[in-house]
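Participant: What follows is run.cif; its format and atoms are mmCIF, C-alpha atoms.
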```
data_input
#
loop_
_atom_site.label_atom_id
_atom_site.label_comp_id
_atom_site.auth_asym_id
_atom_site.auth_seq_id
_atom_site.Cartn_x
_atom_site.Cartn_y
_atom_site.Cartn_z
CA MET A 23 110.49 198.18 105.89
CA PRO A 24 113.79 196.89 104.30
CA LYS A 25 116.33 195.22 106.53
CA SER A 26 119.63 196.92 107.04
CA PRO A 27 122.87 195.33 105.78
CA ALA A 28 124.19 195.28 109.32
CA ARG A 29 121.49 192.84 110.40
CA VAL A 30 121.69 190.53 107.34
CA ALA A 31 125.44 189.85 107.58
CA PRO A 32 125.39 187.76 110.81
CA LEU A 33 122.60 185.59 109.39
CA LEU A 34 124.60 184.88 106.26
CA VAL A 35 127.59 183.84 108.36
CA LEU A 36 125.51 181.35 110.38
CA LEU A 37 123.88 179.92 107.27
CA ALA A 38 127.25 179.40 105.62
CA GLY A 39 128.52 177.55 108.66
CA GLY A 40 125.49 175.24 108.70
CA LEU A 41 125.87 174.42 105.02
CA ALA A 42 129.56 173.65 105.54
CA GLY A 43 128.66 171.21 108.35
CA CYS A 44 126.17 169.38 106.15
CA GLY A 45 128.80 168.79 103.50
CA GLU A 46 131.10 166.67 105.77
CA GLY A 47 130.95 162.73 105.75
CA ALA A 48 129.19 160.49 108.42
CA PRO A 49 131.11 159.45 111.59
CA LYS A 50 133.47 156.48 111.07
CA GLN A 51 132.16 152.98 112.25
CA PHE A 52 134.72 150.67 114.01
CA ALA A 53 134.76 146.98 112.82
CA PRO A 54 134.09 144.38 115.60
CA PRO A 55 137.29 142.85 116.95
CA PRO A 56 138.13 139.20 116.22
CA PRO A 57 136.53 136.90 118.81
CA ASN A 58 138.76 135.21 121.34
CA VAL A 59 138.91 131.43 120.94
CA THR A 60 140.95 128.64 122.46
CA VAL A 61 142.79 126.27 120.15
CA ALA A 62 144.66 123.03 120.78
CA LYS A 63 146.37 120.27 118.86
CA PRO A 64 144.58 116.89 118.72
CA GLN A 65 145.81 114.43 121.31
CA LYS A 66 147.37 111.15 120.25
CA SER A 67 146.39 108.13 122.27
CA GLN A 68 146.06 104.35 122.07
CA VAL A 69 142.35 103.55 121.91
CA THR A 70 140.16 100.52 121.34
CA ASP A 71 136.76 100.54 119.68
CA TYR A 72 133.93 99.07 121.72
CA ASP A 73 130.52 97.63 120.94
CA GLU A 74 127.63 97.73 123.39
CA TYR A 75 124.86 95.18 123.81
CA VAL A 76 122.00 94.54 126.20
CA GLY A 77 121.86 91.24 128.04
CA ARG A 78 120.75 89.68 131.28
CA PHE A 79 122.27 87.77 134.17
CA VAL A 80 121.69 84.05 134.60
CA ALA A 81 122.76 81.77 137.41
CA VAL A 82 125.56 79.28 136.90
CA ASP A 83 123.54 76.69 138.86
CA MET A 84 119.78 76.59 139.31
CA VAL A 85 118.39 73.60 141.20
CA GLU A 86 114.80 72.61 141.91
CA VAL A 87 114.62 70.94 145.31
CA ARG A 88 112.36 67.89 145.06
CA ALA A 89 112.02 64.89 147.37
CA ARG A 90 113.19 61.44 146.30
CA VAL A 91 110.76 59.70 148.64
CA SER A 92 107.12 60.34 149.43
CA GLY A 93 105.88 61.22 152.87
CA TYR A 94 104.52 63.96 155.08
CA LEU A 95 106.71 67.06 155.49
CA ASP A 96 107.92 67.23 159.08
CA LYS A 97 110.38 70.17 159.27
CA ILE A 98 111.56 73.21 157.31
CA GLN A 99 115.04 74.33 158.35
CA PHE A 100 115.66 77.60 156.46
CA GLU A 101 114.29 81.09 156.09
CA ASP A 102 112.81 82.13 152.77
CA GLY A 103 115.37 83.95 150.62
CA GLN A 104 118.42 83.21 152.75
CA ILE A 105 121.87 82.17 151.54
CA VAL A 106 122.41 78.44 152.00
CA ARG A 107 125.66 76.51 151.78
CA GLN A 108 126.09 73.19 150.06
CA GLY A 109 125.07 70.47 152.51
CA ASP A 110 122.88 72.67 154.73
CA PRO A 111 119.66 70.90 155.86
CA LEU A 112 116.50 72.24 154.22
CA PHE A 113 113.55 69.86 154.69
CA VAL A 114 112.82 66.76 156.76
CA ILE A 115 110.17 64.22 155.78
CA ASP A 116 108.65 62.09 158.54
CA ARG A 117 111.31 59.45 159.18
CA ARG A 118 109.34 56.94 161.21
CA PRO A 119 107.94 54.82 158.36
CA PHE A 120 111.37 54.57 156.80
CA GLU A 121 113.02 53.62 160.10
CA THR A 122 110.48 50.81 160.39
CA THR A 123 111.30 49.67 156.86
CA VAL A 124 115.01 49.58 157.71
CA ALA A 125 114.33 47.43 160.77
CA GLN A 126 112.17 45.03 158.73
CA THR A 127 114.76 44.61 155.98
CA LYS A 128 117.51 44.00 158.51
CA ALA A 129 115.41 41.27 160.14
CA GLN A 130 114.76 39.67 156.76
CA LEU A 131 118.48 39.81 156.07
CA ALA A 132 119.22 38.02 159.34
CA GLN A 133 116.70 35.33 158.41
CA ALA A 134 118.26 34.91 154.98
CA ARG A 135 121.72 34.55 156.48
CA ALA A 136 120.42 31.90 158.87
CA ASN A 137 118.93 29.99 155.95
CA LEU A 138 122.23 30.25 154.13
CA ALA A 139 124.12 28.88 157.13
CA PHE A 140 121.76 25.90 157.35
CA ALA A 141 122.02 25.28 153.60
CA GLU A 142 125.82 25.30 153.73
CA ALA A 143 125.90 22.89 156.67
CA ASP A 144 123.40 20.59 155.00
CA LEU A 145 125.47 20.63 151.83
CA ALA A 146 128.64 19.80 153.75
CA ARG A 147 126.95 16.75 155.33
CA GLY A 148 125.60 15.69 151.96
CA ALA A 149 129.10 15.65 150.44
CA GLN A 150 130.18 12.82 152.79
CA LEU A 151 126.90 10.97 152.41
CA VAL A 152 127.05 11.00 148.63
CA ARG A 153 130.56 9.55 148.78
CA ASP A 154 129.27 6.77 151.06
CA LYS A 155 126.39 6.17 148.64
CA THR A 156 123.98 6.93 151.49
CA ILE A 157 122.13 9.57 149.45
CA SER A 158 121.69 9.85 145.76
CA GLU A 159 123.35 12.29 143.45
CA GLN A 160 119.98 13.95 142.92
CA THR A 161 119.55 14.66 146.60
CA PHE A 162 123.02 16.16 146.74
CA ASP A 163 122.22 18.40 143.76
CA GLN A 164 119.06 19.58 145.52
CA ARG A 165 121.10 20.58 148.58
CA THR A 166 123.55 22.43 146.32
CA GLN A 167 120.65 24.26 144.73
CA ALA A 168 119.25 25.17 148.14
CA ARG A 169 122.58 26.75 149.15
CA ARG A 170 122.69 28.84 145.97
CA VAL A 171 119.11 30.04 146.56
CA ALA A 172 120.04 30.97 150.14
CA GLU A 173 123.07 32.93 148.92
CA ALA A 174 120.94 34.84 146.40
CA SER A 175 118.37 35.56 149.11
CA VAL A 176 121.09 37.02 151.33
CA GLN A 177 122.29 39.26 148.49
CA ALA A 178 118.73 40.44 147.77
CA GLN A 179 118.11 41.24 151.43
CA GLU A 180 121.40 43.11 151.69
CA ALA A 181 120.33 45.25 148.70
CA ALA A 182 116.95 45.81 150.35
CA VAL A 183 118.66 47.01 153.51
CA ARG A 184 120.84 49.42 151.52
CA GLN A 185 117.79 50.75 149.70
CA ALA A 186 115.86 51.20 152.93
CA GLU A 187 118.77 53.02 154.53
CA LEU A 188 119.12 55.20 151.43
CA ASP A 189 115.41 56.07 151.54
CA LEU A 190 115.87 56.97 155.19
CA GLN A 191 118.69 59.33 154.22
CA PHE A 192 116.49 60.86 151.51
CA THR A 193 114.05 62.01 154.17
CA GLU A 194 116.58 64.74 154.98
CA LEU A 195 116.86 67.12 152.03
CA LYS A 196 120.09 69.14 151.95
CA ALA A 197 121.22 71.99 149.73
CA PRO A 198 122.95 70.53 146.64
CA VAL A 199 124.69 73.83 145.80
CA THR A 200 125.59 77.08 147.50
CA GLY A 201 123.29 79.96 146.64
CA ARG A 202 120.15 81.85 147.49
CA ILE A 203 117.05 79.79 148.15
CA GLY A 204 113.59 80.98 147.21
CA ASP A 205 110.43 80.71 149.23
CA ARG A 206 109.06 77.39 150.44
CA ARG A 207 106.41 75.91 148.17
CA VAL A 208 104.98 73.44 150.70
CA SER A 209 104.09 73.90 154.36
CA VAL A 210 104.76 71.45 157.18
CA GLY A 211 102.17 68.66 157.37
CA ASN A 212 101.52 68.37 153.65
CA LEU A 213 102.06 65.17 151.72
CA VAL A 214 105.16 65.34 149.54
CA THR A 215 105.27 63.21 146.41
CA GLY A 216 108.77 61.99 145.69
CA GLY A 217 110.48 59.84 143.12
CA THR A 218 111.85 60.40 139.64
CA GLY A 219 108.60 60.96 137.75
CA GLY A 220 107.16 64.20 136.44
CA ASN A 221 104.58 64.59 139.22
CA THR A 222 107.02 65.08 142.08
CA THR A 223 106.45 67.96 144.49
CA LEU A 224 108.55 71.10 144.03
CA LEU A 225 109.70 72.22 147.47
CA ALA A 226 111.97 75.21 146.65
CA THR A 227 114.54 76.50 144.16
CA ILE A 228 118.17 77.46 144.70
CA VAL A 229 120.24 79.70 142.42
CA SER A 230 123.96 80.21 142.75
CA ILE A 231 125.08 83.83 143.08
CA ASP A 232 128.87 83.87 142.90
CA PRO A 233 130.03 83.86 140.19
CA MET A 234 127.22 84.95 137.88
CA ARG A 235 126.84 84.51 134.14
CA PHE A 236 125.84 87.26 131.71
CA GLU A 237 124.30 86.28 128.37
CA PHE A 238 123.93 88.59 125.37
CA THR A 239 123.50 88.30 121.61
CA PHE A 240 125.30 90.08 118.79
CA ASP A 241 124.85 90.22 115.05
CA GLU A 242 126.67 88.28 112.36
CA ALA A 243 128.86 91.22 111.26
CA SER A 244 130.11 91.72 114.80
CA TYR A 245 130.73 87.98 115.13
CA LEU A 246 132.94 88.05 112.02
CA ARG A 247 134.85 91.04 113.38
CA TYR A 248 135.49 89.29 116.70
CA GLU A 249 136.60 86.15 114.88
CA ARG A 250 139.15 88.12 112.89
CA ILE A 251 140.40 89.84 116.04
CA ALA A 252 140.83 86.42 117.67
CA ALA A 253 142.60 85.13 114.54
CA GLY A 254 145.12 87.96 114.85
CA GLY A 255 145.91 87.07 118.44
CA ASN A 256 147.91 84.28 120.02
CA ASP A 257 145.08 81.77 120.03
CA PRO A 258 143.00 81.86 116.85
CA LYS A 259 140.88 78.93 118.09
CA SER A 260 139.67 80.80 121.15
CA ARG A 261 136.73 82.41 119.28
CA GLY A 262 136.87 85.38 121.63
CA LYS A 263 137.00 83.32 124.83
CA ASP A 264 138.94 84.80 127.74
CA MET A 265 138.22 88.28 126.36
CA THR A 266 137.69 90.88 129.08
CA VAL A 267 134.45 92.85 128.81
CA SER A 268 132.80 95.39 131.12
CA LEU A 269 129.25 95.69 132.39
CA ARG A 270 127.03 98.58 133.42
CA LEU A 271 123.77 98.28 135.34
CA ILE A 272 120.75 100.38 134.40
CA ASP A 273 121.37 102.86 137.25
CA GLU A 274 125.12 103.24 136.70
CA PRO A 275 126.74 105.85 134.44
CA GLU A 276 129.95 103.90 133.75
CA PHE A 277 131.05 100.39 132.85
CA LYS A 278 132.76 99.44 136.08
CA HIS A 279 132.18 95.68 136.41
CA GLU A 280 134.67 93.43 134.64
CA ALA A 281 133.72 90.03 133.23
CA THR A 282 135.41 87.36 131.12
CA VAL A 283 133.87 85.77 128.04
CA ASP A 284 133.81 81.99 128.56
CA PHE A 285 131.47 80.78 125.81
CA VAL A 286 130.30 81.66 122.29
CA ASP A 287 127.53 79.56 120.78
CA ASN A 288 128.25 77.24 117.87
CA THR A 289 125.37 78.36 115.61
CA ILE A 290 123.81 81.62 114.46
CA ASP A 291 120.07 81.82 115.00
CA ARG A 292 118.44 81.60 111.59
CA SER A 293 115.41 83.66 112.58
CA THR A 294 117.26 86.61 114.13
CA GLY A 295 120.73 86.41 112.55
CA THR A 296 122.37 86.69 115.96
CA ILE A 297 124.63 84.46 118.01
CA ARG A 298 124.75 84.06 121.77
CA GLY A 299 127.74 84.95 123.89
CA ARG A 300 128.31 84.47 127.60
CA ALA A 301 130.59 86.04 130.18
CA VAL A 302 131.36 85.19 133.79
CA VAL A 303 131.43 88.00 136.36
CA PRO A 304 132.35 87.78 140.06
CA ASN A 305 129.48 88.54 142.40
CA PRO A 306 130.87 88.41 145.96
CA LYS A 307 128.37 90.95 147.32
CA GLY A 308 125.35 89.40 145.61
CA LEU A 309 124.57 92.59 143.68
CA PHE A 310 123.67 90.77 140.46
CA THR A 311 120.48 88.74 140.38
CA PRO A 312 119.38 86.22 137.73
CA GLY A 313 117.10 87.92 135.22
CA MET A 314 118.57 91.39 135.80
CA PHE A 315 119.31 93.46 132.67
CA ALA A 316 122.60 95.26 132.03
CA ARG A 317 124.71 96.61 129.18
CA VAL A 318 127.95 94.98 128.15
CA ARG A 319 130.85 96.68 126.36
CA VAL A 320 132.91 94.40 124.15
CA PRO A 321 136.25 95.33 122.51
CA GLY A 322 135.52 95.71 118.79
CA SER A 323 139.08 96.25 117.56
CA LEU A 324 142.69 95.82 118.46
CA PRO A 325 144.33 98.84 120.15
CA TYR A 326 145.37 101.52 117.66
CA GLU A 327 146.70 105.11 117.75
CA ALA A 328 144.02 107.73 117.18
CA LEU A 329 143.50 111.49 117.40
CA LEU A 330 141.24 112.83 120.12
CA VAL A 331 139.57 116.23 120.53
CA PRO A 332 137.15 117.48 123.16
CA ASP A 333 133.64 116.35 122.32
CA ALA A 334 132.45 119.94 122.83
CA ALA A 335 134.63 121.00 119.86
CA VAL A 336 132.55 118.92 117.43
CA GLY A 337 129.78 120.73 115.57
CA SER A 338 126.90 119.36 113.49
CA GLU A 339 125.67 120.28 110.05
CA GLN A 340 122.64 118.11 109.43
CA VAL A 341 124.13 114.60 109.39
CA ARG A 342 127.75 115.73 108.97
CA LYS A 343 130.13 116.47 111.82
CA PHE A 344 132.88 119.06 111.69
CA VAL A 345 135.49 120.89 113.75
CA TYR A 346 136.81 124.41 113.22
CA VAL A 347 140.50 124.49 112.31
CA LEU A 348 142.74 127.54 112.48
CA GLY A 349 144.11 128.48 109.05
CA PRO A 350 146.51 131.12 107.66
CA GLY A 351 145.89 134.62 109.00
CA ASN A 352 143.99 133.18 111.99
CA VAL A 353 140.98 132.43 109.80
CA VAL A 354 138.88 129.43 110.85
CA THR A 355 137.54 126.88 108.39
CA PRO A 356 135.42 123.81 109.06
CA LYS A 357 136.81 120.32 108.54
CA TYR A 358 134.34 117.49 108.18
CA VAL A 359 135.36 114.49 110.24
CA THR A 360 134.35 110.92 110.93
CA LEU A 361 133.70 110.37 114.61
CA GLY A 362 134.65 107.39 116.70
CA GLN A 363 133.65 106.49 120.22
CA LEU A 364 133.56 108.82 123.19
CA ALA A 365 136.70 108.26 125.23
CA GLY A 366 137.33 109.14 128.85
CA GLY A 367 137.48 112.72 130.02
CA GLY A 368 134.97 113.95 127.46
CA MET A 369 137.34 113.31 124.54
CA ARG A 370 136.04 112.15 121.16
CA VAL A 371 137.96 109.84 118.82
CA ILE A 372 138.37 111.24 115.29
CA LYS A 373 138.78 108.44 112.76
CA ASP A 374 139.13 110.50 109.60
CA GLY A 375 139.32 114.09 108.33
CA LEU A 376 141.80 115.56 110.80
CA SER A 377 145.60 115.63 111.01
CA ALA A 378 147.84 115.83 114.03
CA ASP A 379 149.14 119.28 112.95
CA ASP A 380 145.74 120.96 112.86
CA SER A 381 144.91 123.56 115.48
CA VAL A 382 141.35 122.82 116.52
CA VAL A 383 139.10 125.42 118.14
CA VAL A 384 138.04 123.87 121.44
CA ASN A 385 136.32 126.85 123.07
CA GLY A 386 134.26 129.76 121.73
CA LEU A 387 132.48 127.93 118.92
CA ALA A 388 129.23 129.82 119.43
CA ARG A 389 130.77 133.02 118.00
CA LEU A 390 132.27 131.42 114.91
CA ARG A 391 131.29 131.08 111.29
CA PRO A 392 133.35 129.83 108.35
CA GLY A 393 135.99 132.30 107.14
CA ILE A 394 135.96 134.56 110.19
CA LYS A 395 139.20 135.84 111.63
CA VAL A 396 139.78 135.03 115.30
CA ASN A 397 142.11 135.86 118.13
CA PRO A 398 143.49 132.40 119.08
CA GLN A 399 144.85 131.43 122.44
CA GLU A 400 146.67 128.16 122.96
CA GLN A 401 144.93 125.89 125.44
CA GLY A 402 146.48 126.28 128.87
CA ALA A 403 147.90 129.75 128.17
CA THR A 404 146.53 132.79 129.97
CA PRO A 405 145.06 135.23 127.43
CA PRO A 406 146.28 138.85 127.65
CA ALA A 407 143.99 141.51 129.00
CA ALA A 408 141.84 143.10 126.31
CA THR A 409 142.48 146.75 125.57
CA GLY A 410 140.92 149.45 123.39
CA PRO A 411 137.86 148.51 121.39
CA GLN A 412 138.37 144.76 122.20
CA ALA A 413 137.58 145.49 125.84
CA ASN A 414 133.90 145.86 124.92
CA ASN A 415 133.78 142.69 122.83
CA LYS A 416 132.45 140.12 125.29
#
```
Is it possible to express this structure as structure tokens?
Facilitator:
Amino acid sequence: MPKSPARVAPLLVLLAGGLAGCGEGAPKQFAPPPPNVTVAKPQKSQVTDYDEYVGRFVAVDMVEVRARVSGYLDKIQFEDGQIVRQGDPLFVIDRRPFETTVAQTKAQLAQARANLAFAEADLARGAQLVRDKTISEQTFDQRTQARRVAEASVQAQEAAVRQAELDLQFTELKAPVTGRIGDRRVSVGNLVTGGTGGNTTLLATIVSIDPMRFEFTFDEASYLRYERIAAGGNDPKSRGKDMTVSLRLIDEPEFKHEATVDFVDNTIDRSTGTIRGRAVVPNPKGLFTPGMFARVRVPGSLPYEALLVPDAAVGSEQVRKFVYVLGPGNVVTPKYVTLGQLAGGGMRVIKDGLSADDSVVVNGLARLRPGIKVNPQEQGATPPAATGPQANNK
């Protein structure tokens, strides 16, 4: 049955409307807004380059306590590991044999003096007798010789008394320096071998603790650089002496201990190509111990003016380092730079590749790529509230 025209007309109207809708273009896409970044000018500051080395502490004085006389150990007058002062008593060797020796030598000295007195009197009598021709010249010469022998005997016995008294003093061993003493190596009652030979008994060791020395080595190139720095100063012959350096222990994040260089060796080691340096550091609290490792920071240049940027603003491209710089039209471009040391406050020294007029992106680097347009905000300024499509760009 054929459809009536009245029914076909509405269908044609709907179909025409649908075809008209299909002919229109796709909905417009909004471009993403420029990312917000923070920019700042590089800071100018006086900086000094530093070199770091590893070294260890050594004592200024280290003494091995050994006896000068032999005998049985009678007393120990210190606690292991304590701080001793110069002159404090440490050990006592049995004194009785040495007291007896002193008494014997004094008696022998008295006898020698008595012999000398007799020889002098006998010589005085002989002088008158030889003038009276009562005795011969030979007899008088014999009496003169006897007096000289008696005088020499007195001198020998006086030296023996001094030696005996000195040996008696050596039975009391006292601390030769101020420092920390180690543990006792011999117990009371043991025989101690004294003297100046190589088989003497080691009783203890003492190391000084304040001040302390710090020894480190550095290479030939660094040595030449330090020499030229010293040559540019007031005392070119100092060879870096009196230079202030700083130390950091293995558990410390910063170099907070100051020391003064007091010695640089006179030769470079031929096997390692390094030379030894030494600094003196105060140690009033006894924190540093001989043999302890630490890092030392040595000035490697004279103070100079440099540009600094936050270390977080530095990016990496393989081995090259760069910072994003704001260009015309708020477009960022990378600038490849040469980095210096890390200064305080998280700032990085830029040695080359950056000028003081550059505006460096210091925040928002994760959203950047070369040539992108950004919405910069000066560091320290409060950015305006985002409106419109930028409100959704987080």
Participant: For range 294-300 of chain A, find every residue with an atom within 8 Å (counting all atoms listed in the file), except residues of its own chain fewer than 4 positions away, and show them as a list in words.
Facilitator: Arg235, Phe236, Glu237, Phe238, Thr239, Phe240, Asp241, Glu242, Tyr245, Val283, Asp284, Phe285, Val286, Asp287, Thr289 and Ile290 of chain A
Participant: Using Å and a single decimal, report how far CA of Leu195 in chain A sits from CA of Val208 in chain A.
Facilitator: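 Computing it gives 13.5 Å between the two atoms.
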Participant: Skip Lys63 in chain A itself and residues of its chain fewer than 3 positions away, then list as a ChimeraX atom specification all residues within 7 Å of it, counting all atoms listed in the file.
Facilitator: /A:378-382
Participant: What separation in Å, quoted to one decimal, exists between CA of Val87 in chain A and CA of Ser209 in chain A?
Facilitator: 14.2 Å
Participant: In Å to one decimal, how far is CA of Thr227 in chain A from CA of Met84 in chain A?
Facilitator: 7.1 Å
Participant: Could you tell me which of A:Thr355, A:Thr166, A:Asn305, A:Asn385 comes closest to Ser230 in chain A if we count all atoms listed in the file?
Facilitator: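 For Ser230 in chain A, the nearest of the candidates is A:Asn305.
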Participant: Please provide as a PyMOL selection string all residues within 6 Å of Asn212 in chain A, with the sequence filter that same-chain residues fewer than 2 positions apart are discarded (counting only C-alpha atoms).
Facilitator: chain A and resi 94-95+210
Participant: Given the choices A:Ala197, A:Val318, A:Val383, A:Val106, which gets closest to Asp333 in chain A if the distance is worked out from all atoms listed in the file?
Facilitator: A:Val383
Participant: Each residue of range 98-158 of chain A with at least one atom at most 6 Å from range 179-184 of chain A should appear once, together with its nearest atom pair and the corresponding distance in Å (one decimal); atoms considered: all atoms listed in the file; ordering: chain, then increasing residue number; output as a Markdown table.
Facilitator:
```
| residue | atom | partner | partner_atom | distance |
| --- | --- | --- | --- | --- |
| A:Thr127 | CA | A:Val183 | CA | 5.2 |
| A:Lys128 | CA | A:Val183 | CA | 5.9 |
| A:Leu131 | CA | A:Gln179 | CA | 4.9 |
```
Participant: Select, from A:Gly362, A:Pro356, A:Gly217, A:Gly367, the residue with the minimum atom-to-atom distance to Leu390 in chain A, counting only C-alpha atoms.
Facilitator: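 Nearest to Leu390 in chain A: A:Pro356.
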Participant: Of the candidates A:Thr60, A:Gln167, A:Gln191, A:Gln65, which shows the shortest atom-to-atom distance to Val124 in chain A, using all atoms listed in the file?
Facilitator: A:Gln191
Participant: Quick one: which residues end up in the PyMOL selection byres ((chain A and resi 92) around 8) for this structure, as a list in words?
Facilitator: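 Applying the PyMOL selection byres ((chain A and resi 92) around 8) to the structure shown produces Ala89, Arg90, Val91, Gly93, Tyr94, Leu213, Val214, Thr215, Gly216 and Gly217 of chain A.
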Participant: Produce a file of the selected residues containing C-alpha atoms, as a short mmCIF file (atom, residue, chain, number, x, y, z; two decimals), in the coordinates of the input.
Facilitator:
```
data_model
loop_
_atom_site.label_atom_id
_atom_site.label_comp_id
_atom_site.auth_asym_id
_atom_site.auth_seq_id
_atom_site.Cartn_x
_atom_site.Cartn_y
_atom_site.Cartn_z
CA ALA A 89 112.02 64.89 147.37
CA ARG A 90 113.19 61.44 146.30
CA VAL A 91 110.76 59.70 148.64
CA GLY A 93 105.88 61.22 152.87
CA TYR A 94 104.52 63.96 155.08
CA LEU A 213 102.06 65.17 151.72
CA VAL A 214 105.16 65.34 149.54
CA THR A 215 105.27 63.21 146.41
CA GLY A 216 108.77 61.99 145.69
CA GLY A 217 110.48 59.84 143.12
#
```
Participant: Counting only C-alpha atoms, figure out which residue out of A:Gln340, A:Asn397, A:Ser323, A:Asn221 gets nearest to Val69 in chain A.
Facilitator: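 Comparing A:Gln340, A:Asn397, A:Ser323, A:Asn221 against Val69 in chain A, the winner is A:Ser323.
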Participant: With all atoms listed in the file as the basis for distance, which of A:Arg170, A:Arg202, A:Arg88, A:Lys155 is at the shortest distance from Arg107 in chain A?
Facilitator: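 Checking each candidate against Arg107 in chain A, we get A:Arg202 as the closest.
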Participant: Which residues are close to Glu327 in chain A, i.e. within 8 Å by only C-alpha atoms, leaving aside same-chain residues fewer than 3 positions away? Reply as a list in words.
Facilitator: Lys66, Ser67, Gln68 and Val69 of chain A
Participant: How big is the axis-aligned box around all listed atoms of range 166-169 of chain A once 8 Å goes on each side, and where's its centre, in Å to one decimal, as AutoDock Vina command-line options?
Facilitator:
```
--center_x 121.4 --center_y 24.6 --center_z 146.9 --size_x 20.3 --size_y 20.3 --size_z 20.4
```
